[in-house]
There are 2 protein chains.
Amino acid sequence: MKTFNPVRGTNDYAPRAAKIRAWAKQTILESYQENGYNLITTPILEHLDFLNSSDGGDNLRLMFKTIKRKDKLDLTKPNLTEEDITAEGLRYDLTVPLARFYANNKEKLPTPFKSIQIDYAFRAERPQRGRDRQFIQCDIDVFGDATINAELELLKTVIDTYQKLGFNKLVVKINSRKILTALILNAGFNEEDVNSVCITLDKLDKISLNGVIMELIEKNFATENINKLADTLADININGVDVLVKNGANATDVAEITYLINTLNKITNNRYEIKFDVSIVRGQGYYTGAVFEVYTDGFGGAIGGGGRYDNMVGKFSGQPVPAVGFGLGFEPVCMLIKERGIEVPLKQNLALIYDDEDICEVFKVKEELKKQYNVSLYKRAKNMKSFYEKIVEVADCVTSVADYKQGKEIKLLNM
Amino acid sequence: MKTFNPVRGTNDYAPRAAKIRAWAKQTILESYQENGYNLITTPILEHLDFLNSSDGGDNLRLMFKTIKRKDKLDLTKPNLTEEDITAEGLRYDLTVPLARFYANNKEKLPTPFKSIQIDYAFRAERPQRGRDRQFIQCDIDVFGDATINAELELLKTVIDTYQKLGFNKLVVKINSRKILTALILNAGFNEEDVNSVCITLDKLDKISLNGVIMELIEKNFATENINKLADTLADININGVDVLVKNGANATDVAEITYLINTLNKITNNRYEIKFDVSIVRGQGYYTGAVFEVYTDGFGGAIGGGGRYDNMVGKFSGQPVPAVGFGLGFEPVCMLIKERGIEVPLKQNLALIYDDEDICEVFKVKEELKKQYNVSLYKRAKNMKSFYEKIVEVADCVTSVADYKQGKEIKLLNM
């Protein structure tokens, strides 16, 4: 039988879900804008050479690519390769197009340049719950500011935004790749092992300190180094940032991250849990400084994250450009809004039933009710039972022109 | 030299343009919602068989298609065809996915179902001004309402929406494919010629009646029929809807379209020019009833259009489903907003310069100013001349923390 399902790994969103998602998108956009970031838009179709030359890692394998069109597609060519038939890529994130945009426009743009992108990206991942092949990313980035105040304004904006989305209990976990690297080197590991150790440390949350030790042993690192690193982590766990320098971190780096955490707590009136967390690594290899993740009560995964990536933009544009960014997790946020029944301040949808009234009178009533509701006209159906059963998919309440004119109360529909 | 331009035929939108486009999108969405239509979203990636089995015409030739991934791509297969290497298509409009969505969900959805889609579609057209390969469509559609009141509510919504976008002078031209067909047959043409005659009539605006006659002669239609059609058109041009029946139109069809036009004029207080126009054809072959286009003063092209297409949805879902829809022309609308300097009610962007103040004090001032502005922090630059030159790309006005605290006026920037 023919299926009408959307393409594998993608989703249709029916009215109730789509309305909340549109509200969330707009709320994020307005909060980012209010805080001084500037929306840009870039196309979904992106040059393959840019995508391929990025730090895309696994994402490159998962890329959607378009086929060459018309005469450009020659399938009779001997020893055909994928390159022969490929035209463009669908972007797998918004950072590569942002870097291209910046390289293309930097002469005109102010320094620092603070951007917003809220748009689709694509990855052909194995379909699973909460992981669409087409998904929305909500990024803010700052290009051209090497100071920690870039992180400060960015994280303040992020907190404001979650607040506006109805998330009042937030935990912001902050770490520094520079500090982390120093701690690892100080424990005796080599420069070239840092990435591998980081990948294991990233799991501290899930597998605890013992799990981390086991995995490092499996990776055949020297027991001495592993033990020293374990001691360092335990020490930090108990004593916090005060023991970072003692364990090999650079004092300036520690002062910077401490300033960030303390100031952020102060300007948010200590309403949130904002703290140093040595286990925050962030997967991507391109981070160079502060890294951070945001959590909310009762949900295990991060609902957003980001960090500083000072070496990435230069790869595109030639000149080095300091950069820091944050991606708000649109899918977990929408899921939580729904699951928690977070009150979304939207106009209710009213189904306005009309009979044989003069149609101009019907529209007059619609206009009046539009002041308070989203109003949709429905001619009274022959089968009102079936009408009521299905109207709940789109409407929150219902009345008729006749009832309204008699001053009867508007009926709320039970979903 | 490496180019940082976007992919051929697509566009980046820098902050000033992107901000207006986002406002337009949101304004359209809110107006559609307020009038009782329901947002749904469907994926950009669409099943190729759906796209190919649609009335896509030229759009099928212009389709972007994705390459099969991983093991599924076998380039060594002999006599390779495009089908062998193709996975999905990028949709070329929003109507095909809507029909698929409806077929998939119709058991749950109310009748009529009134949808909104505001999203991207893709066509690999030859790049030209105002025609992007990735573009935004802003559609409302009604499925399951065969009555003319569907058109009435739809067009009232459309007029409201243009009004909200700042277009106060609108011309709504309305025709009926049924009437048009009757007029053509009445002039002596055959059933199978109707489409070809319609294609020529569609150009009446551009090439005038003489041009139409010339083209019909070139198409080798009988002179007698051409002359009678020309007389009919001239008659309607002078005497309007009153002479439609005399020229072969069905009286019920004429009554219906007259009701639509008169009622629409009435419920919009005769503020717009809403009229029958026999030259409105709309290209697509799938229209079956009313067709309409919206124009604004001083701009030649339509800024939106649509019509009734009662036979299209049934092709997908098996059962016939009456349908009517409208697509608002997002690109011409955004172009006109910019060209006409239409006032867009958006918060102004303020660049807030700080010196060596306590950073918490700086954020306090930012919060205060956020009540009125979108506020972005900038540390005072060494070269303020260059700062001022470039900040206009993102900001409308500027002040410093020190100036603000001294009560000095906020400086407007000249763009």
# chains A, B, ... in the order shown; residues from 1 in each chain; ligands from 1
call {"tool": "residues_around", "arguments": {"residues": "B:Ser196", "least_positions_apart": "4", "cutoff": "10 Å", "atoms": "only C-alpha atoms", "output": "PyMOL selection string"}}
result
chain B and resi 192+200-201+216+219
call {"tool": "write_last_selection", "arguments": {"atoms": "C-alpha atoms", "output": "PDB file, in the first residue's frame"}}
result
ATOM      1  CA  GLU B 192      -9.181  20.152 -26.185  1.00  0.00           C
ATOM      2  CA  THR B 200      -2.694  32.874 -24.596  1.00  0.00           C
ATOM      3  CA  LEU B 201      -5.430  34.725 -22.686  1.00  0.00           C
ATOM      4  CA  LEU B 216      -4.346  32.729 -31.520  1.00  0.00           C
ATOM      5  CA  LYS B 219      -1.750  28.916 -33.213  1.00  0.00           C
TER       6      LYS B 219
END
call {"tool": "residues_around", "arguments": {"residues": "A:Pro110", "least_positions_apart": "2", "cutoff": "10 Å", "atoms": "only C-alpha atoms", "output": "list of chain:residue names"}}
result
A:Lys106, A:Glu107, A:Lys108, A:Pro112, A:Phe113, A:Lys114, A:Phe143, A:Gly144, B:Ser386, B:Phe387, B:Tyr388, B:Glu389, B:Lys390, B:Ile391, B:Val392, B:Glu393, B:Val394, B:Ala395
call {"tool": "closest_residue", "arguments": {"among": "A:Asp12, A:Glu409, A:Asp160, A:Glu331", "to": "chain B", "atoms": "only C-alpha atoms"}}
result
A:Asp12
call {"tool": "atom_distance", "arguments": {"atom1": "atom CA of B:Gln284", "atom2": "atom CA of B:Leu109"}}
result
27.0 Å
call {"tool": "select_by_dssp", "arguments": {"residues": "stretch 155-388 of chain B", "states": "strand (DSSP E)", "output": "MDAnalysis selection string"}}
result
chainID B and resid 170:176 273:276 290:296 304:308 323:328 349:354 374:379
call {"tool": "write_last_selection", "arguments": {"atoms": "C-alpha atoms", "output": "compact mmCIF listing (two decimals), in the first residue's frame"}}
result
# COMPACT_ATOMS: atom_id res chain seq x y z
CA LEU B 170 -5.00 46.66 -3.46
CA VAL B 171 -6.61 45.44 -6.63
CA VAL B 172 -8.11 41.96 -6.40
CA LYS B 173 -8.86 40.50 -9.80
CA ILE B 174 -11.19 37.54 -9.82
CA ASN B 175 -12.13 35.16 -12.58
CA SER B 176 -13.56 31.66 -12.86
CA GLU B 273 -10.73 47.51 -6.02
CA ILE B 274 -12.19 44.04 -6.12
CA LYS B 275 -13.45 43.09 -9.54
CA PHE B 276 -14.10 40.48 -12.16
CA ALA B 290 -12.43 30.71 -9.06
CA VAL B 291 -8.97 32.09 -9.78
CA PHE B 292 -7.63 35.35 -8.40
CA GLU B 293 -4.63 37.62 -8.29
CA VAL B 294 -3.78 40.55 -6.07
CA TYR B 295 -2.06 43.66 -7.38
CA THR B 296 -0.87 46.86 -5.76
CA GLY B 304 -0.05 36.92 -4.87
CA GLY B 305 -2.60 34.60 -6.38
CA GLY B 306 -4.51 31.40 -6.11
CA GLY B 307 -7.70 29.60 -6.88
CA ARG B 308 -9.82 26.52 -6.57
CA ALA B 323 -9.70 22.63 -2.36
CA VAL B 324 -8.92 26.30 -2.66
CA GLY B 325 -5.69 28.10 -1.87
CA PHE B 326 -3.71 31.32 -2.02
CA GLY B 327 0.00 31.96 -2.22
CA LEU B 328 1.23 35.35 -1.06
CA ASN B 349 18.71 48.35 17.35
CA LEU B 350 20.85 50.30 19.81
CA ALA B 351 24.63 49.95 20.03
CA LEU B 352 25.59 50.57 23.68
CA ILE B 353 29.25 51.50 24.06
CA TYR B 354 30.97 50.91 27.37
CA ASN B 374 17.29 45.81 21.00
CA VAL B 375 20.55 46.47 22.82
CA SER B 376 24.02 45.23 21.92
CA LEU B 377 27.16 45.92 23.95
CA TYR B 378 30.34 47.18 22.32
CA LYS B 379 33.55 47.93 24.19
call {"tool": "select_by_dssp", "arguments": {"residues": "stretch 269-349 of chain B", "states": "helix (DSSP H, G or I)", "output": "number ranges by chain"}}
result
B: 312-317, 330-339
call {"tool": "write_last_selection", "arguments": {"atoms": "C-alpha atoms", "output": "compact mmCIF listing (two decimals), in the first residue's frame"}}
result
# COMPACT_ATOMS: atom_id res chain seq x y z
CA MET B 312 -5.82 17.67 -7.36
CA VAL B 313 -5.94 16.31 -3.82
CA GLY B 314 -8.00 13.30 -4.90
CA LYS B 315 -5.13 12.16 -7.11
CA PHE B 316 -3.12 11.55 -3.96
CA SER B 317 -5.67 10.39 -1.50
CA PHE B 330 6.85 36.78 -0.37
CA GLU B 331 9.68 37.98 -2.62
CA PRO B 332 7.79 40.82 -4.40
CA VAL B 333 6.26 41.85 -1.05
CA CYS B 334 9.68 42.10 0.64
CA MET B 335 11.09 43.93 -2.37
CA LEU B 336 8.25 46.47 -2.29
CA ILE B 337 8.50 46.98 1.48
CA LYS B 338 12.14 47.86 0.96
CA GLU B 339 11.72 49.97 -2.18
call {"tool": "atom_distance", "arguments": {"atom1": "atom CA of B:Val245", "atom2": "atom CA of B:Thr288"}}
result
18.6 Å
call {"tool": "decode", "arguments": {"residues": "stretch 53-125 of chain A", "atoms": "C-alpha atoms", "output": "tab-separated table (two decimals), in the first residue's frame"}}
result
chain	number	residue	atom	x	y	z
A	53	SER	CA	36.78	21.40	4.28
A	54	SER	CA	35.05	22.05	7.62
A	55	ASP	CA	35.61	20.24	10.91
A	56	GLY	CA	32.48	18.28	10.13
A	57	GLY	CA	33.69	14.88	11.33
A	58	ASP	CA	30.90	12.34	11.18
A	59	ASN	CA	28.53	14.92	9.72
A	60	LEU	CA	30.33	14.76	6.41
A	61	ARG	CA	29.44	11.09	6.11
A	62	LEU	CA	25.81	11.95	6.90
A	63	MET	CA	25.51	14.72	4.36
A	64	PHE	CA	22.62	15.01	1.89
A	65	LYS	CA	23.93	15.91	-1.56
A	66	THR	CA	22.10	17.00	-4.69
A	67	ILE	CA	22.47	15.47	-8.13
A	68	LYS	CA	23.86	17.46	-11.03
A	69	ARG	CA	21.12	18.69	-13.30
A	70	LYS	CA	20.43	18.37	-17.03
A	71	ASP	CA	23.50	18.25	-19.32
A	72	LYS	CA	25.85	18.39	-16.37
A	73	LEU	CA	24.89	14.87	-15.34
A	74	ASP	CA	26.73	12.33	-17.50
A	75	LEU	CA	26.02	8.82	-16.32
A	76	THR	CA	27.84	7.24	-19.26
A	77	LYS	CA	31.23	8.48	-18.07
A	78	PRO	CA	33.52	5.52	-17.27
A	79	ASN	CA	34.60	4.95	-13.66
A	80	LEU	CA	31.92	7.26	-12.36
A	81	THR	CA	32.59	8.66	-8.88
A	82	GLU	CA	30.21	10.38	-6.47
A	83	GLU	CA	31.96	13.63	-7.27
A	84	ASP	CA	31.02	13.30	-10.94
A	85	ILE	CA	27.31	13.28	-10.14
A	86	THR	CA	27.16	15.69	-7.18
A	87	ALA	CA	26.22	19.37	-7.36
A	88	GLU	CA	25.66	20.86	-3.88
A	89	GLY	CA	25.35	19.73	-0.29
A	90	LEU	CA	22.55	20.41	2.17
A	91	ARG	CA	24.26	22.08	5.12
A	92	TYR	CA	24.66	19.89	8.20
A	93	ASP	CA	24.87	22.89	10.54
A	94	LEU	CA	24.63	26.69	10.43
A	95	THR	CA	28.24	27.41	11.39
A	96	VAL	CA	29.81	26.59	8.03
A	97	PRO	CA	27.42	28.93	6.13
A	98	LEU	CA	27.98	31.60	8.80
A	99	ALA	CA	31.74	31.40	8.31
A	100	ARG	CA	31.25	31.66	4.54
A	101	PHE	CA	28.86	34.61	4.98
A	102	TYR	CA	31.35	36.36	7.25
A	103	ALA	CA	34.24	35.80	4.84
A	104	ASN	CA	32.08	37.23	2.05
A	105	ASN	CA	30.88	40.31	3.96
A	106	LYS	CA	33.48	41.07	6.60
A	107	GLU	CA	34.56	44.36	5.04
A	108	LYS	CA	31.07	45.72	5.66
A	109	LEU	CA	30.33	44.14	9.02
A	110	PRO	CA	31.10	45.70	12.41
A	111	THR	CA	33.57	44.14	14.82
A	112	PRO	CA	32.45	42.26	16.78
A	113	PHE	CA	29.68	40.88	14.57
A	114	LYS	CA	26.90	39.20	16.53
A	115	SER	CA	24.69	36.95	14.47
A	116	ILE	CA	21.50	34.96	14.82
A	117	GLN	CA	20.58	32.02	12.62
A	118	ILE	CA	17.37	30.06	13.17
A	119	ASP	CA	16.93	27.64	10.35
A	120	TYR	CA	17.03	24.12	8.99
A	121	ALA	CA	20.01	21.80	8.76
A	122	PHE	CA	20.12	18.21	7.52
A	123	ARG	CA	21.88	15.02	8.57
A	124	ALA	CA	21.05	11.53	7.33
A	125	GLU	CA	21.31	9.97	10.77
